[in-house]
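Source file: run-v5.cif (mmCIF, C-alpha atoms)
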data_target
#
loop_
_atom_site.label_atom_id
_atom_site.label_comp_id
_atom_site.auth_asym_id
_atom_site.auth_seq_id
_atom_site.Cartn_x
_atom_site.Cartn_y
_atom_site.Cartn_z
CA MET V 1 -55.99 10.24 -1.87
CA THR V 2 -52.85 12.38 -1.62
CA LYS V 3 -49.67 10.45 -0.96
CA LYS V 4 -47.61 11.31 2.08
CA ARG V 5 -44.27 12.85 1.17
CA VAL V 6 -40.91 11.73 2.53
CA ALA V 7 -37.53 13.44 2.14
CA VAL V 8 -34.18 11.83 2.92
CA TYR V 9 -30.93 13.72 3.53
CA THR V 10 -27.56 11.97 3.65
CA LEU V 11 -24.40 13.01 5.44
CA GLY V 12 -21.13 11.12 5.29
CA CYS V 13 -19.82 8.16 3.37
CA LYS V 14 -20.85 6.07 0.37
CA VAL V 15 -22.34 3.46 2.70
CA ASN V 16 -24.71 6.10 4.04
CA GLN V 17 -25.63 7.07 0.49
CA TYR V 18 -26.44 3.46 -0.33
CA GLU V 19 -28.53 3.08 2.81
CA SER V 20 -30.41 6.32 2.16
CA SER V 21 -31.34 5.09 -1.31
CA SER V 22 -32.66 1.92 0.30
CA LEU V 23 -34.66 3.85 2.88
CA ALA V 24 -36.22 6.03 0.18
CA TRP V 25 -37.24 2.91 -1.74
CA LEU V 26 -38.75 1.32 1.40
CA PHE V 27 -40.97 4.36 1.92
CA GLN V 28 -41.87 4.46 -1.76
CA GLU V 29 -42.95 0.81 -1.61
CA ARG V 30 -45.27 1.70 1.26
CA GLY V 31 -47.01 4.39 -0.76
CA TYR V 32 -44.97 7.48 0.06
CA GLN V 33 -43.87 10.02 -2.53
CA VAL V 34 -40.12 10.67 -2.30
CA VAL V 35 -39.32 14.38 -2.64
CA ASP V 36 -36.20 16.51 -2.45
CA PHE V 37 -35.11 17.56 1.02
CA ALA V 38 -35.59 21.21 0.04
CA GLU V 39 -39.31 20.56 -0.47
CA GLU V 40 -41.94 20.38 2.23
CA ALA V 41 -42.48 16.81 3.40
CA ASP V 42 -44.58 14.91 5.91
CA VAL V 43 -41.63 12.80 7.01
CA TYR V 44 -37.97 13.83 7.09
CA ILE V 45 -35.23 11.22 7.43
CA ILE V 46 -31.76 12.54 8.31
CA ASN V 47 -29.06 9.90 7.82
CA THR V 48 -26.25 11.21 9.99
CA CYS V 49 -22.46 11.01 10.32
CA THR V 50 -20.26 11.13 13.42
CA VAL V 51 -16.72 10.56 12.12
CA THR V 52 -15.74 14.10 13.18
CA HIS V 53 -17.14 16.94 15.29
CA GLN V 54 -18.09 18.58 12.01
CA GLY V 55 -20.21 15.55 11.13
CA ASP V 56 -22.03 15.86 14.46
CA ARG V 57 -22.57 19.58 13.93
CA LYS V 58 -23.88 19.18 10.39
CA SER V 59 -26.20 16.41 11.55
CA ARG V 60 -27.73 18.67 14.20
CA GLN V 61 -28.02 21.54 11.69
CA LEU V 62 -29.90 19.35 9.22
CA ILE V 63 -32.25 18.09 11.92
CA ARG V 64 -33.14 21.66 12.91
CA ARG V 65 -33.52 22.63 9.25
CA ALA V 66 -36.07 19.86 8.74
CA VAL V 67 -38.04 20.89 11.83
CA LYS V 68 -38.08 24.51 10.64
CA ALA V 69 -39.19 23.55 7.12
CA ASN V 70 -42.33 21.90 8.46
CA PRO V 71 -42.90 22.06 12.23
CA ASN V 72 -45.75 19.56 11.87
CA ALA V 73 -43.64 16.98 10.03
CA PHE V 74 -42.35 13.74 11.52
CA VAL V 75 -38.56 13.84 11.92
CA ALA V 76 -36.56 10.62 12.15
CA VAL V 77 -32.82 10.57 12.81
CA THR V 78 -30.77 7.57 11.74
CA GLY V 79 -27.12 6.78 11.00
CA CYS V 80 -23.89 6.92 12.97
CA TYR V 81 -24.51 10.07 15.04
CA ALA V 82 -27.86 8.63 16.09
CA GLN V 83 -26.25 5.31 17.06
CA VAL V 84 -23.49 6.87 19.18
CA SER V 85 -25.43 9.80 20.68
CA PRO V 86 -29.13 8.83 20.67
CA ASP V 87 -30.09 10.79 23.79
CA GLU V 88 -28.43 13.92 22.43
CA ALA V 89 -30.30 13.56 19.13
CA LEU V 90 -33.61 12.95 20.86
CA LYS V 91 -33.26 16.14 22.93
CA ILE V 92 -33.30 18.30 19.79
CA PRO V 93 -36.77 19.92 19.69
CA GLY V 94 -38.91 18.41 16.95
CA VAL V 95 -37.20 15.01 16.74
CA ASP V 96 -39.75 12.19 16.88
CA LEU V 97 -37.66 9.06 16.34
CA VAL V 98 -34.01 8.02 16.69
CA VAL V 99 -33.02 4.72 15.07
CA GLY V 100 -29.23 4.47 14.70
CA THR V 101 -27.52 2.01 12.35
CA ARG V 102 -29.53 -1.11 13.19
CA ASP V 103 -33.07 -2.14 12.23
CA ARG V 104 -33.33 0.36 9.37
CA ALA V 105 -35.24 -2.16 7.26
CA ALA V 106 -38.09 -1.68 9.74
CA LEU V 107 -37.94 2.12 9.65
CA VAL V 108 -41.35 2.62 8.03
CA ASP V 109 -43.01 0.50 10.71
CA LEU V 110 -41.06 2.32 13.42
CA VAL V 111 -42.34 5.64 12.08
CA VAL V 112 -45.93 4.36 12.13
CA GLN V 113 -45.48 3.08 15.68
CA ALA V 114 -43.91 6.33 16.89
CA VAL V 115 -46.78 8.36 15.41
CA LYS V 116 -49.24 6.27 17.44
CA GLU V 117 -47.27 6.79 20.65
CA CYS V 118 -47.36 10.59 20.25
CA ALA V 119 -44.01 10.91 22.05
CA PRO V 120 -40.35 10.91 20.95
CA VAL V 121 -39.03 7.36 20.62
CA ASN V 122 -35.46 6.12 21.12
CA ALA V 123 -35.30 2.90 19.07
CA VAL V 124 -31.49 2.59 19.14
CA SER V 125 -30.20 -0.82 20.21
CA ALA V 126 -26.67 -2.00 20.90
CA TYR V 127 -24.71 -4.34 18.65
CA ALA V 128 -23.72 -7.82 19.80
CA ASN V 129 -21.32 -10.45 18.56
CA GLY V 130 -23.11 -12.75 16.17
CA ASP V 131 -25.21 -10.01 14.59
CA GLN V 132 -25.88 -10.68 10.92
CA PHE V 133 -25.69 -8.36 7.93
CA GLU V 134 -28.91 -6.37 7.58
CA GLU V 135 -30.32 -6.61 4.07
CA MET V 136 -31.11 -3.19 2.65
CA SER V 137 -31.78 -3.50 -1.06
CA VAL V 138 -31.81 -0.63 -3.53
CA GLN V 139 -34.43 -1.11 -6.24
CA SER V 140 -34.96 2.39 -7.62
CA ILE V 141 -32.85 3.38 -10.61
CA GLN V 142 -31.80 6.98 -11.15
CA ASP V 143 -28.94 7.77 -13.51
CA ARG V 144 -28.24 4.18 -14.62
CA VAL V 145 -24.53 4.97 -14.75
CA ARG V 146 -22.87 4.20 -11.41
CA ALA V 147 -24.34 2.07 -8.63
CA PHE V 148 -23.07 1.44 -5.13
CA LEU V 149 -23.39 -2.11 -3.85
CA LYS V 150 -22.99 -2.64 -0.12
CA ILE V 151 -21.32 -5.96 0.64
CA GLN V 152 -20.23 -5.57 4.26
CA ASP V 153 -20.78 -3.61 7.45
CA GLY V 154 -18.96 -3.03 10.72
CA CYS V 155 -15.31 -2.78 11.70
CA SER V 156 -13.15 -4.51 14.31
CA ASN V 157 -9.90 -2.61 13.75
CA PHE V 158 -10.44 -0.13 16.60
CA CYS V 159 -7.88 2.44 15.47
CA THR V 160 -7.34 4.67 18.47
CA TYR V 161 -8.89 7.78 16.86
CA CYS V 162 -11.90 6.16 15.22
CA ILE V 163 -15.51 6.07 16.41
CA VAL V 164 -16.71 3.87 13.52
CA PRO V 165 -16.48 0.46 15.30
CA TYR V 166 -18.75 1.87 18.01
CA ALA V 167 -21.17 3.36 15.48
CA ARG V 168 -21.26 0.39 13.12
CA GLY V 169 -20.65 -2.62 15.31
CA PRO V 170 -18.65 -5.79 14.58
CA LEU V 171 -17.81 -7.18 11.14
CA ARG V 172 -20.77 -8.56 9.18
CA SER V 173 -20.63 -9.78 5.59
CA ARG V 174 -23.46 -10.03 3.09
CA GLN V 175 -24.14 -13.51 1.74
CA PRO V 176 -22.29 -13.85 -1.61
CA GLY V 177 -25.39 -15.14 -3.38
CA ARG V 178 -27.28 -11.99 -2.43
CA VAL V 179 -24.38 -9.81 -3.60
CA ILE V 180 -24.25 -11.60 -6.95
CA ASN V 181 -28.02 -11.36 -7.42
CA ALA V 182 -28.00 -7.65 -6.58
CA ALA V 183 -25.19 -7.05 -9.07
CA ARG V 184 -27.04 -9.00 -11.77
CA HIS V 185 -30.11 -6.81 -11.25
CA MET V 186 -27.97 -3.68 -11.48
CA VAL V 187 -26.44 -4.84 -14.75
CA ALA V 188 -29.87 -5.75 -16.13
CA ALA V 189 -31.20 -2.34 -15.08
CA GLY V 190 -28.52 -0.62 -17.13
CA TYR V 191 -25.88 0.39 -14.62
CA LYS V 192 -22.50 0.71 -16.33
CA GLU V 193 -20.33 0.74 -13.22
CA ILE V 194 -20.74 -1.02 -9.88
CA VAL V 195 -18.82 0.22 -6.84
CA LEU V 196 -18.41 -2.25 -4.00
CA THR V 197 -18.79 -0.46 -0.70
CA GLY V 198 -18.83 -1.19 3.00
CA ILE V 199 -17.21 -0.05 6.22
CA CYS V 200 -14.27 -2.46 5.96
CA ILE V 201 -14.70 -4.30 2.66
CA GLY V 202 -11.28 -5.95 2.79
CA ALA V 203 -12.60 -8.06 5.66
CA TYR V 204 -15.41 -9.42 3.48
CA GLY V 205 -16.20 -13.07 4.21
CA ARG V 206 -15.49 -13.01 7.92
CA GLY V 207 -18.43 -14.28 9.92
CA LEU V 208 -20.00 -16.16 7.02
CA ASP V 209 -20.59 -19.90 7.14
CA GLN V 210 -18.66 -20.42 3.90
CA ASP V 211 -15.07 -19.96 2.85
CA ILE V 212 -14.98 -16.83 0.70
CA THR V 213 -12.83 -13.71 0.60
CA LEU V 214 -13.13 -10.37 -1.16
CA ALA V 215 -10.94 -11.74 -3.95
CA GLY V 216 -13.29 -14.69 -4.42
CA LEU V 217 -16.34 -12.45 -4.46
CA ILE V 218 -14.78 -10.14 -7.05
CA GLN V 219 -13.91 -13.12 -9.23
CA ARG V 220 -17.55 -14.23 -9.20
CA LEU V 221 -18.79 -10.71 -9.93
CA LEU V 222 -16.44 -10.37 -12.89
CA GLU V 223 -18.09 -13.44 -14.43
CA ILE V 224 -21.51 -11.74 -14.64
CA PRO V 225 -22.49 -11.39 -18.34
CA GLY V 226 -22.75 -7.77 -19.43
CA LEU V 227 -20.88 -6.36 -16.43
CA GLY V 228 -19.21 -3.07 -17.26
CA ARG V 229 -16.83 -1.59 -14.73
CA LEU V 230 -16.25 -2.92 -11.23
CA ARG V 231 -14.67 -0.62 -8.67
CA LEU V 232 -13.74 -0.73 -4.97
CA SER V 233 -14.66 2.22 -2.76
CA SER V 234 -11.88 1.93 -0.15
CA ILE V 235 -9.71 -0.82 1.28
CA GLU V 236 -7.26 -1.01 4.16
CA PRO V 237 -3.59 -1.74 3.30
CA HIS V 238 -3.40 -4.90 5.42
CA ASP V 239 -6.42 -6.35 3.58
CA ILE V 240 -4.78 -6.26 0.14
CA THR V 241 -3.57 -9.83 -0.35
CA PRO V 242 -1.58 -11.36 -3.23
CA GLU V 243 -4.77 -13.20 -4.23
CA LEU V 244 -6.67 -9.92 -4.41
CA VAL V 245 -3.93 -8.23 -6.44
CA GLU V 246 -4.02 -11.10 -8.93
CA VAL V 247 -7.80 -10.91 -9.35
CA MET V 248 -7.83 -7.11 -9.69
CA SER V 249 -5.05 -7.06 -12.26
CA SER V 250 -6.38 -9.90 -14.41
CA SER V 251 -9.58 -8.30 -15.72
CA LYS V 252 -10.07 -5.35 -18.04
CA ASN V 253 -13.39 -4.71 -16.28
CA PHE V 254 -11.79 -4.00 -12.92
CA CYS V 255 -11.03 -0.30 -12.48
CA ARG V 256 -7.40 0.65 -12.00
CA HIS V 257 -8.16 2.86 -9.04
CA LEU V 258 -7.76 2.10 -5.36
CA HIS V 259 -8.38 4.26 -2.32
CA VAL V 260 -6.00 2.96 0.35
CA PRO V 261 -6.04 4.96 3.62
CA LEU V 262 -2.56 6.02 4.76
CA GLN V 263 -3.34 8.34 7.71
CA SER V 264 0.33 9.14 8.42
CA GLY V 265 3.79 8.72 6.95
CA SER V 266 5.38 8.61 10.41
CA ASP V 267 5.90 5.18 11.95
CA ALA V 268 5.66 6.66 15.44
CA VAL V 269 2.26 8.18 14.66
CA LEU V 270 1.02 5.07 12.85
CA LYS V 271 1.86 2.96 15.89
CA LYS V 272 0.07 5.35 18.23
CA MET V 273 -2.94 5.31 15.90
CA GLY V 274 -3.12 1.53 16.12
CA ARG V 275 -2.57 1.10 12.39
CA LYS V 276 -1.34 -2.31 11.25
CA TYR V 277 1.56 -1.33 9.00
CA THR V 278 4.67 0.81 8.80
CA ALA V 279 5.37 3.49 6.21
CA TRP V 280 7.83 1.15 4.49
CA GLU V 281 5.24 -1.65 4.31
CA TYR V 282 2.72 0.75 2.79
CA LEU V 283 5.25 1.92 0.19
CA ARG V 284 6.16 -1.66 -0.67
CA LEU V 285 2.47 -2.42 -1.20
CA VAL V 286 2.19 0.57 -3.54
CA ASP V 287 5.13 -0.76 -5.56
CA VAL V 288 3.43 -4.16 -5.89
CA LEU V 289 0.14 -2.59 -6.95
CA ARG V 290 1.72 -0.35 -9.57
CA GLU V 291 3.82 -3.20 -10.91
CA ASN V 292 0.71 -5.33 -11.41
CA MET V 293 -1.73 -2.56 -12.40
CA PRO V 294 0.04 -0.09 -14.74
CA GLY V 295 -1.62 3.33 -14.76
CA LEU V 296 -3.13 2.78 -11.31
CA GLY V 297 -4.83 5.78 -9.76
CA LEU V 298 -4.02 5.68 -6.06
CA THR V 299 -5.78 7.94 -3.56
CA ALA V 300 -5.56 8.02 0.22
CA ASP V 301 -6.85 9.49 3.46
CA VAL V 302 -4.25 11.44 5.44
CA MET V 303 -4.82 12.80 8.95
CA VAL V 304 -3.09 15.84 10.40
CA GLY V 305 -2.93 16.91 14.01
CA PHE V 306 -3.05 13.51 15.67
CA PRO V 307 -1.97 13.86 19.35
CA GLY V 308 1.81 13.93 19.56
CA GLU V 309 2.31 14.76 15.86
CA SER V 310 5.43 16.91 16.05
CA GLU V 311 6.71 19.09 13.23
CA GLU V 312 9.20 16.33 12.46
CA TYR V 313 6.49 13.68 12.28
CA PHE V 314 4.35 15.89 10.06
CA GLN V 315 7.32 16.41 7.74
CA HIS V 316 7.71 12.63 7.54
CA THR V 317 4.11 12.46 6.33
CA PHE V 318 4.55 15.32 3.86
CA ASP V 319 7.70 13.77 2.38
CA PHE V 320 6.12 10.31 2.25
CA VAL V 321 3.05 11.59 0.40
CA ASN V 322 5.25 13.47 -2.06
CA LYS V 323 7.45 10.42 -2.64
CA THR V 324 4.52 8.06 -3.09
CA GLY V 325 2.92 10.31 -5.71
CA PHE V 326 -0.75 9.75 -5.03
CA SER V 327 -3.29 10.69 -7.70
CA GLY V 328 -5.45 12.35 -5.05
CA LEU V 329 -5.64 13.00 -1.31
CA HIS V 330 -8.43 13.29 1.22
CA VAL V 331 -6.90 15.38 4.00
CA PHE V 332 -8.71 15.69 7.29
CA LYS V 333 -7.92 17.02 10.73
CA PHE V 334 -7.89 14.88 13.86
CA SER V 335 -11.17 15.23 15.70
CA SER V 336 -11.34 13.93 19.26
CA ARG V 337 -14.15 11.40 19.55
CA ARG V 338 -15.60 10.62 22.97
CA GLY V 339 -14.94 7.01 23.94
CA THR V 340 -11.89 6.48 21.72
CA ALA V 341 -8.41 5.95 23.15
CA ALA V 342 -6.93 8.98 21.37
CA ALA V 343 -9.42 11.31 23.05
CA GLY V 344 -7.42 10.90 26.25
CA TYR V 345 -3.95 11.22 24.74
CA ASP V 346 -1.59 13.98 25.82
CA GLN V 347 0.07 16.43 23.41
CA GLN V 348 -3.12 17.46 21.63
CA VAL V 349 -2.34 19.61 18.58
CA GLY V 350 -3.94 23.07 18.46
CA PRO V 351 -6.52 24.04 15.80
CA ALA V 352 -4.32 26.68 14.14
CA LEU V 353 -1.51 24.19 13.60
CA LYS V 354 -3.96 21.59 12.31
CA ASP V 355 -5.27 24.14 9.81
CA GLU V 356 -1.76 25.02 8.65
CA ARG V 357 -0.74 21.40 8.15
CA SER V 358 -4.01 20.62 6.42
CA ARG V 359 -3.50 23.46 3.92
CA LYS V 360 0.02 22.26 3.14
CA LEU V 361 -1.11 18.72 2.41
CA ILE V 362 -4.11 19.86 0.40
CA ARG V 363 -1.83 21.98 -1.81
CA LEU V 364 0.50 19.01 -2.24
CA GLY V 365 -2.43 16.75 -3.04
CA LYS V 366 -3.64 19.07 -5.80
CA LYS V 367 -0.13 19.24 -7.23
CA LEU V 368 0.17 15.45 -7.30
CA ALA V 369 -3.31 15.03 -8.78
CA ALA V 370 -2.45 17.49 -11.56
CA ARG V 371 0.80 15.66 -12.23
CA PHE V 372 -1.01 12.32 -12.51
CA ALA V 373 -3.69 13.73 -14.81
CA SER V 374 -1.15 15.53 -17.01
CA SER V 375 0.68 12.26 -17.62
CA HIS V 376 -2.41 11.19 -19.61
CA LEU V 377 -2.44 14.16 -22.00
CA ASP V 378 -2.22 13.49 -25.74
CA ARG V 379 -3.66 10.03 -25.24
CA SER V 380 -6.99 8.43 -26.03
CA LEU V 381 -8.84 7.67 -22.79
CA SER V 382 -11.82 5.39 -22.17
CA VAL V 383 -14.38 7.56 -20.37
CA LEU V 384 -17.75 6.58 -18.94
CA VAL V 385 -20.10 9.49 -19.70
CA GLU V 386 -21.94 10.43 -16.50
CA GLN V 387 -23.82 13.71 -16.86
CA PRO V 388 -23.89 17.17 -18.47
CA VAL V 389 -21.67 19.79 -16.86
CA PRO V 390 -23.92 22.30 -15.04
CA GLY V 391 -23.75 25.72 -16.66
CA ALA V 392 -21.48 24.60 -19.51
CA GLY V 393 -23.79 24.15 -22.45
CA GLY V 394 -22.96 21.11 -24.55
CA PHE V 395 -20.21 19.81 -22.27
CA PHE V 396 -20.38 16.49 -20.47
CA GLU V 397 -18.27 14.88 -17.78
CA GLY V 398 -17.13 11.40 -16.92
CA HIS V 399 -14.30 9.46 -15.37
CA THR V 400 -11.64 7.14 -16.65
CA ASP V 401 -11.34 3.81 -14.90
CA ASN V 402 -8.38 5.18 -12.92
CA TYR V 403 -10.62 8.02 -11.78
CA ILE V 404 -9.47 11.03 -13.74
CA LYS V 405 -12.29 13.49 -14.37
CA VAL V 406 -12.68 14.36 -18.05
CA LEU V 407 -14.80 17.09 -19.72
CA PHE V 408 -15.74 17.10 -23.41
CA PRO V 409 -18.44 18.31 -25.84
CA GLY V 410 -21.15 15.70 -26.26
CA GLN V 411 -24.83 14.85 -26.44
CA ALA V 412 -27.34 13.58 -23.88
CA ALA V 413 -27.65 10.27 -25.73
CA LEU V 414 -24.06 9.47 -24.72
CA VAL V 415 -24.80 9.35 -20.98
CA GLY V 416 -24.09 5.83 -19.79
CA LYS V 417 -21.88 5.07 -22.77
CA VAL V 418 -18.13 4.58 -22.88
CA VAL V 419 -16.39 6.89 -25.33
CA GLN V 420 -12.81 7.41 -26.42
CA VAL V 421 -11.71 10.95 -25.60
CA ARG V 422 -8.52 12.54 -26.86
CA ALA V 423 -7.00 14.24 -23.79
CA GLU V 424 -5.94 17.71 -24.95
CA LYS V 425 -5.71 20.15 -22.02
CA LEU V 426 -5.45 20.22 -18.25
CA GLN V 427 -7.58 22.57 -16.14
CA GLY V 428 -6.41 22.19 -12.57
CA THR V 429 -6.75 18.44 -12.04
CA ILE V 430 -9.37 17.93 -14.78
CA ILE V 431 -8.68 16.90 -18.36
CA THR V 432 -10.59 18.43 -21.26
CA GLY V 433 -10.71 16.87 -24.68
CA ARG V 434 -12.88 15.70 -27.57
CA ILE V 435 -14.61 12.46 -28.43
CA ILE V 436 -12.89 10.48 -31.15
CA ASP V 437 -14.77 7.18 -30.94
CA ARG V 438 -17.49 5.23 -29.14
CA GLN V 439 -16.69 2.07 -27.22
CA ASP V 440 -20.13 0.73 -26.36
CA GLU V 441 -19.33 -2.96 -26.36
CA GLY V 442 -16.20 -2.95 -24.24
CA PHE V 443 -14.99 -1.45 -21.01
CA ASN V 444 -11.26 -1.65 -21.63
CA SER V 445 -9.49 -0.19 -18.65
CA GLY V 446 -6.44 0.85 -20.59
CA TYR V 447 -5.84 3.87 -22.74
CA VAL V 448 -5.05 3.82 -26.43
CA GLU V 449 -2.09 5.77 -27.75
#

Render the structure in this file as structure tokens.
Amino acid sequence: MTKKRVAVYTLGCKVNQYESSSLAWLFQERGYQVVDFAEEADVYIINTCTVTHQGDRKSRQLIRRAVKANPNAFVAVTGCYAQVSPDEALKIPGVDLVVGTRDRAALVDLVVQAVKECAPVNAVSAYANGDQFEEMSVQSIQDRVRAFLKIQDGCSNFCTYCIVPYARGPLRSRQPGRVINAARHMVAAGYKEIVLTGICIGAYGRGLDQDITLAGLIQRLLEIPGLGRLRLSSIEPHDITPELVEVMSSSKNFCRHLHVPLQSGSDAVLKKMGRKYTAWEYLRLVDVLRENMPGLGLTADVMVGFPGESEEYFQHTFDFVNKTGFSGLHVFKFSSRRGTAAAGYDQQVGPALKDERSRKLIRLGKKLAARFASSHLDRSLSVLVEQPVPGAGGFFEGHTDNYIKVLFPGQAALVGKVVQVRAEKLQGTIITGRIIDRQDEGFNSGYVE
């Protein structure tokens, strides 16, 4: 009997990537063959994003692409766009099921039920206080190098521009025992780096019936025998506590890289955004982090074109970013989201000005990233080998613990190993070099002169 084929496409963040991997495994466990989205499938799952208008647009494009690829296929739409705009998603011709960001663990059964009903089904339900973390395990192993481990969901910050609290619901934390067990399985399966991910991971522990924080969870994870690298995906400035700094800085297995969203360097804009810090408080935090974690790679999100962002306020942001000296920037343009406070603000910034400011910050970000990478030249760097470089015969790529991308000649047998690479040249923001030693038994975060 021929297996039914399912294809999953992911838009958006690392949390979505984790959840898509889980969905693929759920279908596989029920007898489906998982195929690439470019192949013809019987069931297409589109895991959507709605952070910006572009996310909405791409989600709709992918839905239509799936319908066109096989008009007779079953098309299910899940994720944040589906949660916020279920009726809009269901109106797209060819869509059979809309699920949202809840009840994904039951997606296979929902597909079976929708097939029986022979009519499009809206299975989206609203979040409520008291909702628990939905377990979505990932059992399939692919590259055995880097694994994402979801520990938390939801957000209660309600920044004035952000749709995420509406798409993801209130804070929910995964039980620490389940997190530890999942991490143990990942280590046993051969993963060399685990990345903790969630919507607001700094709030981990809230809503649980036990007294635990993100710092406490990390401490327990670092005690797992055989653990290689442990990394955080992103954390809000106000969630970085002295306890967390101490835990992060005390282990050679914890990666010296943090992504700490900034959004703006203007206090006036930060206040209007509903952010919980001033520019000075953010800078002071950076000083503390760098003092405790030498060599820290620090990246950030920065928004341009927020309503009321004058040329003066933008210049404050530009100067602040330059002064802080990030190792990388994710620059994005304000996108008005229906239902958020900022959607109704006056002094909306025009698209041309947003584009101009975005280009300026992107150029600055590349300059700062190159400066950070170049400071590591002529040193021996610990690099986790990830994969061959496409189209560059014999070259492989990997990242240092502080998230510098490194290219070097190597062999396939080195994938998943930690090697010492002499950093010789800089190409843009990427270091090229040569292997001088293997470091299989240790994951020392530091470099060797």

Test item: residues at most 10 Å from region 179-194 of chain V, all atoms listed in the file, excluding those fewer than 5 positions along its chain, as an mmCIF file with C-alpha atoms, in the coordinates of the input:
data_model
loop_
_atom_site.group_PDB
_atom_site.id
_atom_site.type_symbol
_atom_site.label_atom_id
_atom_site.label_comp_id
_atom_site.auth_asym_id
_atom_site.auth_seq_id
_atom_site.Cartn_x
_atom_site.Cartn_y
_atom_site.Cartn_z
ATOM 1 C CA SER V 137 -31.780 -3.500 -1.060
ATOM 2 C CA VAL V 138 -31.810 -0.630 -3.530
ATOM 3 C CA GLN V 139 -34.430 -1.110 -6.240
ATOM 4 C CA SER V 140 -34.960 2.390 -7.620
ATOM 5 C CA ILE V 141 -32.850 3.380 -10.610
ATOM 6 C CA GLN V 142 -31.800 6.980 -11.150
ATOM 7 C CA ASP V 143 -28.940 7.770 -13.510
ATOM 8 C CA ARG V 144 -28.240 4.180 -14.620
ATOM 9 C CA VAL V 145 -24.530 4.970 -14.750
ATOM 10 C CA ARG V 146 -22.870 4.200 -11.410
ATOM 11 C CA ALA V 147 -24.340 2.070 -8.630
ATOM 12 C CA PHE V 148 -23.070 1.440 -5.130
ATOM 13 C CA LEU V 149 -23.390 -2.110 -3.850
ATOM 14 C CA LYS V 150 -22.990 -2.640 -0.120
ATOM 15 C CA ILE V 151 -21.320 -5.960 0.640
ATOM 16 C CA GLN V 152 -20.230 -5.570 4.260
ATOM 17 C CA SER V 173 -20.630 -9.780 5.590
ATOM 18 C CA ARG V 174 -23.460 -10.030 3.090
ATOM 19 C CA LEU V 217 -16.340 -12.450 -4.460
ATOM 20 C CA ILE V 218 -14.780 -10.140 -7.050
ATOM 21 C CA ARG V 220 -17.550 -14.230 -9.200
ATOM 22 C CA LEU V 221 -18.790 -10.710 -9.930
ATOM 23 C CA LEU V 222 -16.440 -10.370 -12.890
ATOM 24 C CA GLU V 223 -18.090 -13.440 -14.430
ATOM 25 C CA ILE V 224 -21.510 -11.740 -14.640
ATOM 26 C CA PRO V 225 -22.490 -11.390 -18.340
ATOM 27 C CA GLY V 226 -22.750 -7.770 -19.430
ATOM 28 C CA LEU V 227 -20.880 -6.360 -16.430
ATOM 29 C CA GLY V 228 -19.210 -3.070 -17.260
ATOM 30 C CA ARG V 229 -16.830 -1.590 -14.730
ATOM 31 C CA LEU V 230 -16.250 -2.920 -11.230
ATOM 32 C CA ARG V 231 -14.670 -0.620 -8.670
ATOM 33 C CA LEU V 232 -13.740 -0.730 -4.970
ATOM 34 C CA SER V 233 -14.660 2.220 -2.760
ATOM 35 C CA ASN V 253 -13.390 -4.710 -16.280
ATOM 36 C CA PHE V 254 -11.790 -4.000 -12.920
ATOM 37 C CA CYS V 255 -11.030 -0.300 -12.480
ATOM 38 C CA LEU V 384 -17.750 6.580 -18.940
ATOM 39 C CA VAL V 385 -20.100 9.490 -19.700
ATOM 40 C CA GLU V 386 -21.940 10.430 -16.500
ATOM 41 C CA ASP V 401 -11.340 3.810 -14.900
ATOM 42 C CA GLY V 416 -24.090 5.830 -19.790
ATOM 43 C CA LYS V 417 -21.880 5.070 -22.770
ATOM 44 C CA VAL V 418 -18.130 4.580 -22.880
ATOM 45 C CA PHE V 443 -14.990 -1.450 -21.010
#

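Between Val108 (chain V) and the candidates V:Val15, V:Leu90, V:Val67, V:Leu26, the tightest atom-to-atom separation, counting all atoms listed in the file, involves V:Leu26.
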
Just give me the gap between CA of Gly12 (chain V) and CA of Arg60 (chain V) in Å, one decimal is fine.
13.4 Å

Shell of 9 Å around region 206-211 of chain V, only C-alpha atoms, local chain residues under 6 positions omitted, as a PyMOL selection string:
chain V and resi 130+132+171-175

Which residues come within 6 Å of region 273-288 of chain V, counting only C-alpha atoms, excluding same-chain residues fewer than 4 positions away, as a CSV table (one decimal) with C-alpha atoms, in the coordinates of the input?
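That gives us part.csv:
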chain,number,residue,atom,x,y,z
V,159,CYS,CA,-7.9,2.4,15.5
V,160,THR,CA,-7.3,4.7,18.5
V,265,GLY,CA,3.8,8.7,7.0
V,267,ASP,CA,5.9,5.2,12.0
